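S.K.: Sharing final_9.txt (compact mmCIF, C-alpha atoms) below.
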```txt
# COMPACT_ATOMS: atom_id res chain seq x y z
CA MET U 1 109.23 89.40 166.90
CA ARG U 2 110.32 92.88 165.85
CA ARG U 3 107.34 95.14 165.18
CA GLN U 4 106.64 96.77 161.82
CA ASN U 5 108.03 100.27 161.14
CA SER U 6 110.58 100.18 163.94
CA PRO U 7 112.91 103.19 164.23
CA LEU U 8 115.74 100.68 163.97
CA ASP U 9 114.74 100.09 160.33
CA LYS U 10 116.58 103.32 159.47
CA ILE U 11 119.92 101.81 160.35
CA GLU U 12 122.23 101.17 157.39
CA LYS U 13 124.77 98.38 157.09
CA VAL U 14 128.33 99.33 158.01
CA SER U 15 131.52 98.51 156.12
CA ARG U 16 133.98 95.95 157.49
CA SER U 17 136.73 98.47 158.29
CA GLY U 18 136.49 100.05 161.74
CA VAL U 19 133.26 98.18 162.42
CA ARG U 20 132.97 99.00 166.11
CA ASP U 21 133.47 102.74 165.59
CA ARG U 22 131.07 102.83 162.67
CA VAL U 23 128.42 100.98 164.66
CA TYR U 24 128.86 103.40 167.54
CA ASP U 25 128.77 106.45 165.24
CA GLN U 26 125.54 105.39 163.54
CA ILE U 27 123.65 104.57 166.73
CA GLN U 28 124.94 107.73 168.41
CA GLU U 29 123.84 109.84 165.44
CA MET U 30 120.35 108.37 165.55
CA LEU U 31 120.08 109.20 169.24
CA LEU U 32 121.45 112.73 168.76
CA CYS U 33 118.96 113.37 165.96
CA GLY U 34 116.02 112.02 167.97
CA ASP U 35 115.35 109.16 165.55
CA ILE U 36 114.96 106.56 168.33
CA PRO U 37 112.20 107.55 170.80
CA PRO U 38 112.30 107.23 174.59
CA GLY U 39 111.32 103.76 175.76
CA GLU U 40 112.43 102.07 172.53
CA SER U 41 114.20 98.76 173.17
CA MET U 42 117.48 98.11 171.37
CA PRO U 43 118.06 94.34 171.05
CA ILE U 44 121.65 93.53 170.22
CA ARG U 45 120.78 90.88 167.65
CA THR U 46 118.29 93.15 165.90
CA LEU U 47 120.85 95.94 165.69
CA ALA U 48 123.52 93.53 164.43
CA GLU U 49 121.15 92.27 161.75
CA ARG U 50 120.27 95.76 160.59
CA LEU U 51 123.92 96.84 160.59
CA GLY U 52 125.08 93.70 158.82
CA THR U 53 127.61 92.82 161.49
CA SER U 54 128.14 90.40 164.34
CA PRO U 55 126.77 91.11 167.83
CA MET U 56 130.23 91.85 169.29
CA PRO U 57 130.79 95.37 167.86
CA VAL U 58 127.17 96.24 168.64
CA ARG U 59 127.65 95.10 172.24
CA GLU U 60 130.82 97.21 172.52
CA ALA U 61 129.11 100.28 171.05
CA LEU U 62 126.16 99.92 173.40
CA ARG U 63 128.52 99.56 176.34
CA GLN U 64 130.02 102.95 175.50
CA LEU U 65 126.59 104.53 175.06
CA LEU U 66 125.59 103.13 178.44
CA SER U 67 128.58 104.88 180.01
CA GLU U 68 127.47 108.11 178.32
CA GLN U 69 123.90 107.64 179.64
CA GLY U 70 122.42 107.69 176.15
CA ILE U 71 120.80 104.31 176.82
CA GLU U 72 120.03 102.24 179.92
CA MET U 73 119.97 98.57 180.91
CA HIS U 74 117.17 97.12 183.01
CA SER U 75 117.34 94.25 185.48
CA ASN U 76 116.24 91.77 182.79
CA ARG U 77 119.18 93.03 180.65
CA THR U 78 116.85 94.80 178.24
CA ILE U 79 118.58 97.82 176.70
CA ARG U 80 116.43 100.79 175.83
CA VAL U 81 116.40 104.55 175.35
CA PRO U 82 115.58 106.11 178.73
CA VAL U 83 112.17 107.65 179.35
CA MET U 84 112.43 111.33 180.29
CA THR U 85 111.25 112.56 183.69
CA LEU U 86 110.55 116.18 184.60
CA PRO U 87 113.34 116.43 187.24
CA LYS U 88 115.87 114.99 184.81
CA PHE U 89 114.63 117.28 182.02
CA ARG U 90 115.09 120.36 184.19
CA GLU U 91 118.52 119.29 185.39
CA ILE U 92 119.72 118.76 181.83
CA ARG U 93 118.23 122.11 180.79
CA ASP U 94 120.10 123.92 183.58
CA LEU U 95 123.39 122.21 182.74
CA ARG U 96 122.98 123.00 179.05
CA VAL U 97 122.38 126.68 179.79
CA VAL U 98 125.72 126.94 181.57
CA LEU U 99 127.87 124.64 179.44
CA GLU U 100 126.51 125.50 176.01
CA GLY U 101 126.51 129.17 176.89
CA ASN U 102 130.21 128.89 177.71
CA LEU U 103 130.90 127.06 174.46
CA ALA U 104 129.08 129.66 172.37
CA ALA U 105 130.91 132.52 174.10
CA ALA U 106 134.28 130.86 173.55
CA ALA U 107 133.46 130.10 169.91
CA ALA U 108 132.69 133.77 169.21
CA THR U 109 136.36 134.67 169.66
CA ARG U 110 137.81 131.58 167.98
CA ILE U 111 135.56 130.37 165.18
CA ALA U 112 137.18 130.15 161.75
CA LYS U 113 135.52 131.70 158.70
CA ALA U 114 134.89 128.27 157.19
CA ASP U 115 133.14 127.05 160.34
CA LEU U 116 131.11 130.26 160.55
CA LYS U 117 130.00 129.79 156.95
CA ALA U 118 129.08 126.17 157.71
CA ALA U 119 127.09 127.20 160.79
CA ASP U 120 125.13 129.77 158.78
CA GLY U 121 124.46 127.16 156.11
CA PHE U 122 123.12 124.71 158.68
CA ASN U 123 120.92 127.47 160.09
CA GLN U 124 119.45 128.13 156.64
CA GLN U 125 118.84 124.41 156.12
CA TRP U 126 117.21 124.20 159.55
CA LYS U 127 114.83 127.04 158.61
CA ARG U 128 113.98 125.38 155.31
CA HIS U 129 112.91 122.14 156.99
CA THR U 130 111.35 123.63 160.13
CA LEU U 131 109.51 126.85 159.33
CA GLY U 132 107.19 125.60 156.62
CA ALA U 133 103.60 124.49 156.99
CA ARG U 134 104.73 121.08 158.23
CA ILE U 135 107.93 120.31 160.12
CA ASP U 136 110.33 117.80 158.57
CA VAL U 137 111.34 116.39 161.94
CA PRO U 138 114.39 114.26 160.96
CA LYS U 139 115.98 117.04 158.92
CA SER U 140 115.05 119.74 161.44
CA MET U 141 116.71 117.75 164.21
CA LEU U 142 119.75 116.97 162.04
CA PHE U 143 120.48 120.55 160.98
CA ASN U 144 119.80 121.90 164.45
CA LYS U 145 122.41 119.49 165.82
CA GLN U 146 124.89 120.34 163.09
CA LEU U 147 124.51 124.08 163.72
CA HIS U 148 125.05 123.73 167.47
CA PHE U 149 127.87 121.20 167.26
CA THR U 150 129.75 123.20 164.60
CA VAL U 151 129.74 126.17 166.97
CA TYR U 152 130.66 124.10 170.02
CA ALA U 153 133.51 122.31 168.25
CA ALA U 154 134.97 125.71 167.35
CA ALA U 155 135.14 126.73 171.02
CA GLY U 156 138.33 124.79 171.69
CA LEU U 157 136.92 123.32 174.92
CA PRO U 158 136.90 119.56 174.25
CA ILE U 159 136.03 118.45 177.80
CA THR U 160 132.99 120.72 177.94
CA PHE U 161 131.93 119.63 174.45
CA THR U 162 132.15 115.95 175.45
CA ILE U 163 129.88 116.57 178.44
CA VAL U 164 127.42 118.47 176.23
CA LYS U 165 127.31 115.58 173.76
CA SER U 166 126.33 113.28 176.63
CA LEU U 167 123.54 115.67 177.63
CA TRP U 168 122.28 115.75 174.04
CA LEU U 169 122.31 111.95 173.90
CA GLN U 170 119.96 111.99 176.87
CA ILE U 171 117.63 114.77 175.75
CA ALA U 172 117.46 114.51 171.93
CA PRO U 173 115.22 111.40 171.81
CA PHE U 174 112.68 113.26 173.96
CA PHE U 175 112.85 116.33 171.72
CA GLY U 176 112.31 114.18 168.64
CA MET U 177 109.28 112.52 170.23
CA ILE U 178 107.70 115.88 171.12
CA MET U 179 108.35 117.34 167.67
CA ARG U 180 106.78 114.33 165.96
CA ASP U 181 103.78 114.66 168.27
CA MET U 182 103.41 118.34 167.42
CA ARG U 183 103.73 117.64 163.70
CA GLU U 184 101.05 114.94 163.82
CA SER U 185 98.82 117.26 165.87
CA GLY U 186 99.14 119.98 163.25
CA VAL U 187 101.03 122.40 165.49
CA GLN U 188 102.62 125.14 163.40
CA SER U 189 106.38 125.30 163.56
CA ARG U 190 106.24 128.92 164.73
CA ASN U 191 104.68 127.69 167.94
CA ILE U 192 107.73 125.71 169.05
CA GLY U 193 109.41 128.85 170.33
CA ARG U 194 111.53 131.62 168.80
CA THR U 195 114.32 129.31 167.72
CA ASP U 196 114.68 130.93 164.30
CA GLU U 197 115.30 134.34 165.87
CA GLN U 198 117.76 132.87 168.37
CA HIS U 199 119.68 131.00 165.69
CA ASP U 200 119.96 134.19 163.64
CA SER U 201 121.11 136.09 166.73
CA LEU U 202 123.75 133.42 167.36
CA VAL U 203 125.14 133.67 163.84
CA ARG U 204 125.23 137.47 163.98
CA ALA U 205 127.03 137.39 167.34
CA LEU U 206 129.60 134.93 165.98
CA GLU U 207 130.17 137.15 162.94
CA ALA U 208 130.73 140.13 165.23
CA GLY U 209 132.95 138.26 167.67
CA ASP U 210 130.40 139.09 170.38
CA ALA U 211 130.95 136.47 173.11
CA GLU U 212 128.16 137.61 175.41
CA GLY U 213 125.75 137.99 172.51
CA ALA U 214 126.47 134.41 171.46
CA ARG U 215 125.96 133.24 175.03
CA ARG U 216 122.62 135.07 175.30
CA ALA U 217 121.39 133.58 172.02
CA ILE U 218 122.17 130.02 173.10
CA VAL U 219 120.75 130.47 176.60
CA SER U 220 117.54 131.93 175.16
CA ASP U 221 117.31 129.12 172.59
CA ILE U 222 117.61 126.43 175.27
CA ALA U 223 115.31 128.10 177.79
CA THR U 224 112.43 129.00 175.46
CA ALA U 225 112.44 125.62 173.69
CA ALA U 226 112.53 123.83 177.05
CA GLU U 227 109.50 125.80 178.21
CA VAL U 228 107.55 124.73 175.13
CA TYR U 229 108.51 121.06 175.49
CA GLU U 230 107.80 121.01 179.23
CA THR U 231 104.38 122.60 178.76
CA ARG U 232 103.57 120.23 175.92
CA HIS U 233 104.48 117.06 177.81
CA TRP U 234 103.86 117.70 181.51
CA ALA U 235 101.34 120.55 181.83
```
Represent the structure of the file as structure tokens.
M.R.:
Amino acid sequence: MRRQNSPLDKIEKVSRSGVRDRVYDQIQEMLLCGDIPPGESMPIRTLAERLGTSPMPVREALRQLLSEQGIEMHSNRTIRVPVMTLPKFREIRDLRVVLEGNLAAAAATRIAKADLKAADGFNQQWKRHTLGARIDVPKSMLFNKQLHFTVYAAAGLPITFTIVKSLWLQIAPFFGMIMRDMRESGVQSRNIGRTDEQHDSLVRALEAGDAEGARRAIVSDIATAAEVYETRHWA
């Protein structure tokens, strides 16, 4: 029996057109925003029920997410969000530093004014929901993702961006879990690192067309946040 207050309760029914893609998009978005925590099982029939569809498009969407390493299948065919380990966490951190740094640097010389305006808007929304007395974790995670992905999409490096999305699928559920833990423990948002300063530095570098400044901002954002999360979970 499905437990009360499952993260899967947030899933909304999808329309009949393009069912498989819509199922995939919604589950992917929940993973990228950290809504489904590590270790959470994802039964196909439960997902199909919540999405208002048959099991087939859910099975196809999960198969793609398995290939992207956002979820895993165990020997008993149970599908779940992977539990993070310290070696895996550090490997993803190191890959993100290189790949996302490259994307930010490339975006600084290519980003359109509309995308730059959107990125700044997402940064302001992120601040609004993160820097108050109590973190709004879902919205903080959402606007952080939208800021980063808007910048990365502007880089014109689709292969690199696809790899980065896979890394985020693997790491975002862990980030969401840690942020919820900090919120419930009363940790002030200012203690999660200097992300607000780094986001502002990123936007300024993009405005100035400063590729290395954009790279430094992203690298610092990733490294300082990772240090906080690692200390919080494994120290």
S.K.: Please report the interatomic distance between CA of Pro7 (chain U) and CA of Ile36 (chain U) in Å with one decimal.
M.R.: 5.7 Å
S.K.: Within 8 Å of Ala106 (chain U), counting only C-alpha atoms, which residues qualify if same-chain residues fewer than 5 places away don't, as a list in words?
M.R.: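 Answer for this query is Ala155, Gly156 and Ala211 of chain U.
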S.K.: Please produce an output containing C-alpha atoms for each residue in the selection, written as a compact mmCIF listing (two decimals), keeping the file's coordinate frame.
M.R.:
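Written out: selection.txt:
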```txt
# COMPACT_ATOMS: atom_id res chain seq x y z
CA ALA U 155 135.14 126.73 171.02
CA GLY U 156 138.33 124.79 171.69
CA ALA U 211 130.95 136.47 173.11
```
S.K.: Between CA of Gln170 (chain U) and CA of Pro82 (chain U), what is the spacing in Å?
M.R.: 7.6 Å
S.K.: Closest to Ser140 (chain U) among U:Arg80, U:Arg96, U:Arg90, U:Arg183, using all atoms listed in the file?
M.R.: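 The shortest atom-to-atom distance to Ser140 (chain U) comes from U:Arg183.
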S.K.: Would you pick out the contacts of Glu100 (chain U) at 9 Å or less, using all atoms listed in the file, so that residues sharing its chain but fewer than 2 positions from it are not included, and give the list as number ranges by chain?
M.R.: U: 95-98, 102-105, 148, 152, 160-161, 164, 215, 218-219, 222
S.K.: Between U:Lys145, U:Lys88, U:Arg194, U:Lys165, which is the closest to Leu131 (chain U) once you count only C-alpha atoms?
M.R.: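 Among the listed residues, the smallest separation from Leu131 (chain U) belongs to U:Arg194.
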S.K.: Using only C-alpha atoms, which residue out of U:Leu99, U:Ser67, U:Arg232, U:Ala61 lies closest to Ser185 (chain U)?
M.R.: U:Arg232
S.K.: Quick one: everything within 9 Å of Trp126 (chain U), counting all atoms listed in the file, minus sequence neighbours fewer than 3 positions away in the same chain. Send it as number ranges by chain.
M.R.: U: 121-123, 129-131, 139-144, 147, 196
S.K.: Name the closest residue to Ile171 (chain U) among the candidates U:Glu49, U:Asp120, U:Glu197, U:Asp35; distances are taken between atoms, counting only C-alpha atoms.
M.R.: U:Asp35
S.K.: Restricting the calculation to only C-alpha atoms, which member of U:Ser6, U:Ser201, U:Thr162, U:Thr195 is positioned closest to Val228 (chain U)?
M.R.: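 Distance minimum relative to Val228 (chain U) lands on U:Thr195.
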S.K.: Using Å and a single decimal, report how far CA of Ala223 (chain U) sits from CA of Asp210 (chain U).
M.R.: 20.1 Å
S.K.: May I ask which of the residues U:Leu86, U:Glu227, U:Ile92, U:Ala154 is the closest one to Ala114 (chain U), counting all atoms listed in the file?
M.R.: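 Of the candidates, the smallest distance to Ala114 (chain U) is held by U:Ala154.
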S.K.: Please return, as an MDAnalysis selection string, all polymer residues that have at least one atom within 7 Å of the point (111.5, 118.4, 166.5); use all atoms listed in the file and the file's own coordinate frame.
M.R.: chainID U and resid 137 140:141 175:176 178:180
S.K.: Produce the centre coordinates and the three edge lengths, each in Å to one decimal, of the box along x, y and z that contains all listed atoms of region 90-105 of chain U with 6 Å added on each side, as lines of an AutoDock Vina configuration file.
M.R.:
```
center_x = 123.0
center_y = 125.6
center_z = 178.9
size_x = 27.8
size_y = 25.8
size_z = 25.0
```
S.K.: Excluding Ser41 (chain U) and residues on its chain fewer than 5 positions from it, collect all residues at most 7 Å away from it, counting only C-alpha atoms, and give them as a PyMOL selection string.
M.R.: chain U and resi 78-81
